[in-house]
file coords_37.pdb (PDB, C-alpha atoms)
ATOM      1  CA  MET A   1     114.889  47.519 117.470
ATOM      2  CA  THR A   2     118.347  45.963 117.659
ATOM      3  CA  ASP A   3     120.498  44.916 114.758
ATOM      4  CA  ASN A   4     120.455  41.144 114.302
ATOM      5  CA  LEU A   5     123.768  41.150 112.380
ATOM      6  CA  SER A   6     127.260  41.217 113.810
ATOM      7  CA  LYS A   7     129.187  44.475 113.623
ATOM      8  CA  LYS A   8     131.541  42.943 111.069
ATOM      9  CA  LYS A   9     128.701  41.689 108.846
ATOM     10  CA  ARG A  10     126.828  45.031 109.052
ATOM     11  CA  SER A  11     130.053  46.870 108.190
ATOM     12  CA  TYR A  12     130.559  44.647 105.150
ATOM     13  CA  ILE A  13     126.982  45.163 103.945
ATOM     14  CA  MET A  14     127.227  48.933 104.331
ATOM     15  CA  SER A  15     130.572  48.998 102.494
ATOM     16  CA  GLN A  16     128.871  47.460  99.453
ATOM     17  CA  ILE A  17     126.486  50.397  99.055
ATOM     18  CA  ARG A  18     127.745  52.630  96.268
ATOM     19  CA  SER A  19     127.390  56.394  96.166
ATOM     20  CA  ARG A  20     128.419  56.528  92.505
ATOM     21  CA  ASP A  21     127.649  54.377  89.499
ATOM     22  CA  THR A  22     124.588  52.784  91.044
ATOM     23  CA  LYS A  23     122.454  50.493  88.880
ATOM     24  CA  VAL A  24     119.878  53.180  88.122
ATOM     25  CA  GLU A  25     122.606  55.717  87.293
ATOM     26  CA  LYS A  26     124.275  53.271  84.909
ATOM     27  CA  ILE A  27     120.971  52.659  83.138
ATOM     28  CA  ILE A  28     120.527  56.384  82.511
ATOM     29  CA  PHE A  29     124.193  56.875  81.549
ATOM     30  CA  ARG A  30     123.907  54.097  78.940
ATOM     31  CA  GLU A  31     120.695  55.549  77.534
ATOM     32  CA  LEU A  32     122.242  59.005  77.130
ATOM     33  CA  GLN A  33     125.409  57.552  75.585
ATOM     34  CA  LYS A  34     123.314  55.486  73.188
ATOM     35  CA  ARG A  35     121.664  58.734  72.048
ATOM     36  CA  LYS A  36     125.102  60.350  71.605
ATOM     37  CA  ILE A  37     124.525  62.852  74.393
ATOM     38  CA  TYR A  38     127.834  63.884  75.884
ATOM     39  CA  PHE A  39     127.891  64.727  79.572
ATOM     40  CA  GLN A  40     130.132  64.824  82.595
ATOM     41  CA  LYS A  41     129.593  62.036  85.095
ATOM     42  CA  ASN A  42     129.778  62.855  88.832
ATOM     43  CA  TYR A  43     130.882  66.391  88.032
ATOM     44  CA  ASN A  44     132.857  67.477  91.099
ATOM     45  CA  ARG A  45     133.686  71.044  90.058
ATOM     46  CA  ILE A  46     130.396  72.309  91.485
ATOM     47  CA  ALA A  47     128.511  71.853  94.735
ATOM     48  CA  GLY A  48     126.923  68.454  95.192
ATOM     49  CA  SER A  49     128.786  66.667  92.361
ATOM     50  CA  PRO A  50     125.738  66.059  90.158
ATOM     51  CA  ASP A  51     125.473  62.620  88.595
ATOM     52  CA  ILE A  52     125.067  64.189  85.147
ATOM     53  CA  ALA A  53     126.267  67.649  84.159
ATOM     54  CA  LEU A  54     126.484  69.714  81.009
ATOM     55  CA  PRO A  55     128.768  72.496  82.243
ATOM     56  CA  LYS A  56     128.529  74.696  79.127
ATOM     57  CA  LYS A  57     124.722  74.685  79.342
ATOM     58  CA  LYS A  58     124.788  74.848  83.157
ATOM     59  CA  ARG A  59     122.495  71.840  83.484
ATOM     60  CA  ALA A  60     122.791  69.350  86.350
ATOM     61  CA  ILE A  61     120.885  66.167  87.108
ATOM     62  CA  PHE A  62     120.887  64.419  90.453
ATOM     63  CA  ILE A  63     119.749  60.789  90.500
ATOM     64  CA  ASP A  64     118.817  60.237  94.131
ATOM     65  CA  GLY A  65     118.194  56.980  95.949
ATOM     66  CA  ASP A  66     114.792  56.952  97.636
ATOM     67  CA  PHE A  67     116.077  55.831 101.046
ATOM     68  CA  TRP A  68     119.311  57.816 101.309
ATOM     69  CA  HIS A  69     117.875  61.114 100.099
ATOM     70  CA  GLY A  70     114.642  60.896 102.055
ATOM     71  CA  TYR A  71     111.894  60.316  99.519
ATOM     72  CA  GLN A  72     108.669  60.561 101.531
ATOM     73  CA  PHE A  73     110.735  60.922 104.693
ATOM     74  CA  PRO A  74     107.783  61.809 106.965
ATOM     75  CA  LYS A  75     106.320  58.340 106.272
ATOM     76  CA  LEU A  76     109.697  56.593 106.257
ATOM     77  CA  LYS A  77     110.964  57.921 109.584
ATOM     78  CA  LYS A  78     108.193  56.129 111.476
ATOM     79  CA  ARG A  79     109.673  52.805 110.320
ATOM     80  CA  LEU A  80     113.334  53.593 110.988
ATOM     81  CA  PRO A  81     114.757  51.648 113.931
ATOM     82  CA  ASN A  82     116.784  54.342 115.677
ATOM     83  CA  LYS A  83     117.815  57.991 115.838
ATOM     84  CA  PHE A  84     121.030  57.422 113.900
ATOM     85  CA  TRP A  85     119.210  56.707 110.612
ATOM     86  CA  LYS A  86     116.667  59.469 111.098
ATOM     87  CA  GLU A  87     119.411  62.032 111.679
ATOM     88  CA  LYS A  88     121.535  60.678 108.813
ATOM     89  CA  ILE A  89     118.704  61.121 106.326
ATOM     90  CA  ARG A  90     117.753  64.543 107.752
ATOM     91  CA  LYS A  91     121.353  65.677 107.188
ATOM     92  CA  ASN A  92     121.283  64.332 103.629
ATOM     93  CA  ILE A  93     118.052  66.237 102.921
ATOM     94  CA  ARG A  94     119.509  69.481 104.344
ATOM     95  CA  ARG A  95     122.740  69.052 102.392
ATOM     96  CA  ASP A  96     120.836  68.376  99.152
ATOM     97  CA  LYS A  97     118.770  71.557  99.600
ATOM     98  CA  LEU A  98     121.897  73.598 100.334
ATOM     99  CA  TYR A  99     123.688  72.340  97.217
ATOM    100  CA  ARG A 100     120.663  72.918  94.982
ATOM    101  CA  SER A 101     120.241  76.476  96.247
ATOM    102  CA  ARG A 102     123.957  77.211  95.684
ATOM    103  CA  LEU A 103     123.760  75.888  92.148
ATOM    104  CA  LYS A 104     120.596  77.843  91.370
ATOM    105  CA  ARG A 105     122.241  81.051  92.618
ATOM    106  CA  ALA A 106     125.176  80.290  90.310
ATOM    107  CA  GLY A 107     122.794  80.060  87.340
ATOM    108  CA  TRP A 108     122.504  76.283  87.021
ATOM    109  CA  LYS A 109     119.275  74.541  86.027
ATOM    110  CA  ILE A 110     118.704  71.454  88.151
ATOM    111  CA  LEU A 111     116.659  68.291  87.684
ATOM    112  CA  ARG A 112     116.202  65.776  90.471
ATOM    113  CA  ILE A 113     115.280  62.243  89.504
ATOM    114  CA  TRP A 114     114.290  59.675  92.110
ATOM    115  CA  GLU A 115     115.363  56.049  91.928
ATOM    116  CA  HIS A 116     111.755  54.820  91.879
ATOM    117  CA  GLN A 117     110.931  57.023  88.866
ATOM    118  CA  ILE A 118     113.551  55.227  86.786
ATOM    119  CA  LYS A 119     112.455  51.802  87.998
ATOM    120  CA  ASN A 120     108.714  52.429  87.613
ATOM    121  CA  ASP A 121     108.612  54.289  84.283
ATOM    122  CA  PHE A 122     111.924  54.334  82.489
ATOM    123  CA  GLY A 123     110.494  55.742  79.247
ATOM    124  CA  LYS A 124     108.769  58.698  80.880
ATOM    125  CA  THR A 125     111.809  59.461  83.035
ATOM    126  CA  THR A 126     114.131  59.327  80.027
ATOM    127  CA  LYS A 127     111.868  61.751  78.127
ATOM    128  CA  LYS A 128     111.917  64.083  81.119
ATOM    129  CA  ILE A 129     115.723  64.006  81.210
ATOM    130  CA  LEU A 130     116.032  64.526  77.450
ATOM    131  CA  HIS A 131     113.611  67.446  77.551
ATOM    132  CA  PHE A 132     115.544  68.980  80.433
ATOM    133  CA  LEU A 133     118.795  68.652  78.521
ATOM    134  CA  LYS A 134     117.047  70.149  75.464
ATOM    135  CA  PHE A 135     117.389  66.996  73.375
ATOM    136  CA  LYS A 136     114.499  65.219  71.759
TER     137      LYS A 136
END
call {"tool": "encode", "arguments": {"input": "coords_37.pdb", "output": "structure tokens"}}
result
Amino acid sequence: MTDNLSKKKRSYIMSQIRSRDTKVEKIIFRELQKRKIYFQKNYNRIAGSPDIALPKKKRAIFIDGDFWHGYQFPKLKKRLPNKFWKEKIRKNIRRDKLYRSRLKRAGWKILRIWEHQIKNDFGKTTKKILHFLKFK
């Protein structure tokens, strides 16, 4: 399958994709701030720069986009147009596993939240996050 957009247009579209402060991340950040839960955003002092971190409690939350982090990748890869995207997502999955294992060895507790979980059931996902952070 070939790309039906010009190189310039594709480049522009890809440049608009954010790795930080995505819509779903902002929704969760606002909810935690509303509940007076203080956290570090995009904490880059540890492997993987978790989206939410409580360094003193050694708690880290990763809010992962379904496409970029390979949610249900075995099903997804059949629909991807070329090897570039398949390899890109495979690398992301490997990197995510490596970072999580490093953090676990360093004594961190980790929670991974998928984009679709926030979109499909915000209340349940928020409760899961609060429980993980030991807040009710």
call {"tool": "resolve_selection", "arguments": {"input": "coords_37.pdb", "expression": "the PyMOL selection byres ((chain A and resi 113) around 12)", "output": "NGL selection string"}}
result
:A and (24-25 or 28 or 50-52 or 60-66 or 69 or 71 or 110-112 or 114-122 or 124-129 or 132)
call {"tool": "atom_distance", "arguments": {"input": "coords_37.pdb", "atom1": "CA of Lys34 (chain A)", "atom2": "CA of Thr22 (chain A)"}}
result
18.1 Å
call {"tool": "atom_distance", "arguments": {"input": "coords_37.pdb", "atom1": "CA of Asn82 (chain A)", "atom2": "CA of Ser6 (chain A)"}}
result
16.9 Å
call {"tool": "resolve_selection", "arguments": {"input": "coords_37.pdb", "expression": "the PyMOL selection byres ((chain A and resi 90-94) around 10)", "output": "PyMOL selection string"}}
result
chain A and resi 68-71+73+77+84-89+95-99
call {"tool": "closest_residue", "arguments": {"input": "coords_37.pdb", "among": "A:Leu80, A:Arg102, A:Asn42, A:Leu130", "to": "Asp21 (chain A)", "atoms": "only C-alpha atoms"}}
result
A:Asn42
call {"tool": "atom_distance", "arguments": {"input": "coords_37.pdb", "atom1": "CA of Ala47 (chain A)", "atom2": "CA of Lys26 (chain A)"}}
result
21.4 Å
call {"tool": "closest_residue", "arguments": {"input": "coords_37.pdb", "among": "A:Lys57, A:Ile46, A:Pro74, A:Arg30", "to": "Arg100 (chain A)", "atoms": "all atoms listed in the file"}}
result
A:Ile46
call {"tool": "build_atoms", "arguments": {"input": "coords_37.pdb", "residues": "region 47-77 of chain A", "atoms": "N, CA and C atoms", "output": "compact mmCIF listing (two decimals), in the frame of the given file"}}
result
# COMPACT_ATOMS: atom_id res chain seq x y z
N ALA A 47 129.09 72.37 93.49
CA ALA A 47 128.51 71.85 94.74
C ALA A 47 127.62 70.64 94.47
N GLY A 48 127.79 69.62 95.26
CA GLY A 48 126.92 68.45 95.19
C GLY A 48 127.35 67.38 94.22
N SER A 49 128.33 67.63 93.37
CA SER A 49 128.79 66.67 92.36
C SER A 49 127.62 65.97 91.67
N PRO A 50 126.89 66.69 90.82
CA PRO A 50 125.74 66.06 90.16
C PRO A 50 126.14 64.81 89.38
N ASP A 51 125.22 63.87 89.29
CA ASP A 51 125.47 62.62 88.60
C ASP A 51 125.68 62.86 87.10
N ILE A 52 124.95 63.83 86.56
CA ILE A 52 125.07 64.19 85.15
C ILE A 52 125.16 65.71 85.08
N ALA A 53 126.13 66.20 84.30
CA ALA A 53 126.27 67.65 84.16
C ALA A 53 126.65 68.00 82.73
N LEU A 54 126.08 69.08 82.26
CA LEU A 54 126.48 69.71 81.01
C LEU A 54 126.97 71.11 81.39
N PRO A 55 128.25 71.24 81.70
CA PRO A 55 128.77 72.50 82.24
C PRO A 55 128.54 73.71 81.34
N LYS A 56 128.70 73.55 80.03
CA LYS A 56 128.53 74.70 79.13
C LYS A 56 127.09 75.21 79.14
N LYS A 57 126.13 74.30 79.30
CA LYS A 57 124.72 74.68 79.34
C LYS A 57 124.25 74.96 80.77
N LYS A 58 125.12 74.71 81.73
CA LYS A 58 124.79 74.85 83.16
C LYS A 58 123.54 74.04 83.52
N ARG A 59 123.58 72.78 83.17
CA ARG A 59 122.50 71.84 83.48
C ARG A 59 123.06 70.73 84.35
N ALA A 60 122.35 70.40 85.43
CA ALA A 60 122.79 69.35 86.35
C ALA A 60 121.62 68.44 86.71
N ILE A 61 121.90 67.15 86.73
CA ILE A 61 120.88 66.17 87.11
C ILE A 61 121.42 65.35 88.28
N PHE A 62 120.58 65.26 89.30
CA PHE A 62 120.89 64.42 90.45
C PHE A 62 119.96 63.21 90.40
N ILE A 63 120.53 62.02 90.45
CA ILE A 63 119.75 60.79 90.50
C ILE A 63 119.86 60.30 91.94
N ASP A 64 118.78 60.48 92.69
CA ASP A 64 118.82 60.24 94.13
C ASP A 64 118.12 58.94 94.52
N GLY A 65 118.78 58.19 95.39
CA GLY A 65 118.19 56.98 95.95
C GLY A 65 117.07 57.35 96.90
N ASP A 66 115.97 56.64 96.82
CA ASP A 66 114.79 56.95 97.64
C ASP A 66 115.11 56.95 99.13
N PHE A 67 115.80 55.94 99.61
CA PHE A 67 116.08 55.83 101.05
C PHE A 67 117.07 56.90 101.50
N TRP A 68 118.22 56.96 100.85
CA TRP A 68 119.31 57.82 101.31
C TRP A 68 119.02 59.30 101.22
N HIS A 69 118.17 59.69 100.28
CA HIS A 69 117.88 61.11 100.10
C HIS A 69 116.51 61.50 100.64
N GLY A 70 115.84 60.57 101.29
CA GLY A 70 114.64 60.90 102.06
C GLY A 70 113.36 61.06 101.27
N TYR A 71 113.17 60.25 100.23
CA TYR A 71 111.89 60.32 99.52
C TYR A 71 110.78 59.91 100.49
N GLN A 72 109.79 60.75 100.60
CA GLN A 72 108.67 60.56 101.53
C GLN A 72 109.17 60.29 102.96
N PHE A 73 110.11 61.10 103.38
CA PHE A 73 110.74 60.92 104.69
C PHE A 73 109.74 60.95 105.85
N PRO A 74 108.73 61.84 105.83
CA PRO A 74 107.78 61.81 106.96
C PRO A 74 107.16 60.43 107.20
N LYS A 75 106.87 59.70 106.12
CA LYS A 75 106.32 58.34 106.27
C LYS A 75 107.42 57.35 106.66
N LEU A 76 108.59 57.51 106.04
CA LEU A 76 109.70 56.59 106.26
C LEU A 76 110.21 56.62 107.69
N LYS A 77 110.31 57.81 108.27
CA LYS A 77 110.96 57.92 109.58
C LYS A 77 110.23 57.15 110.67
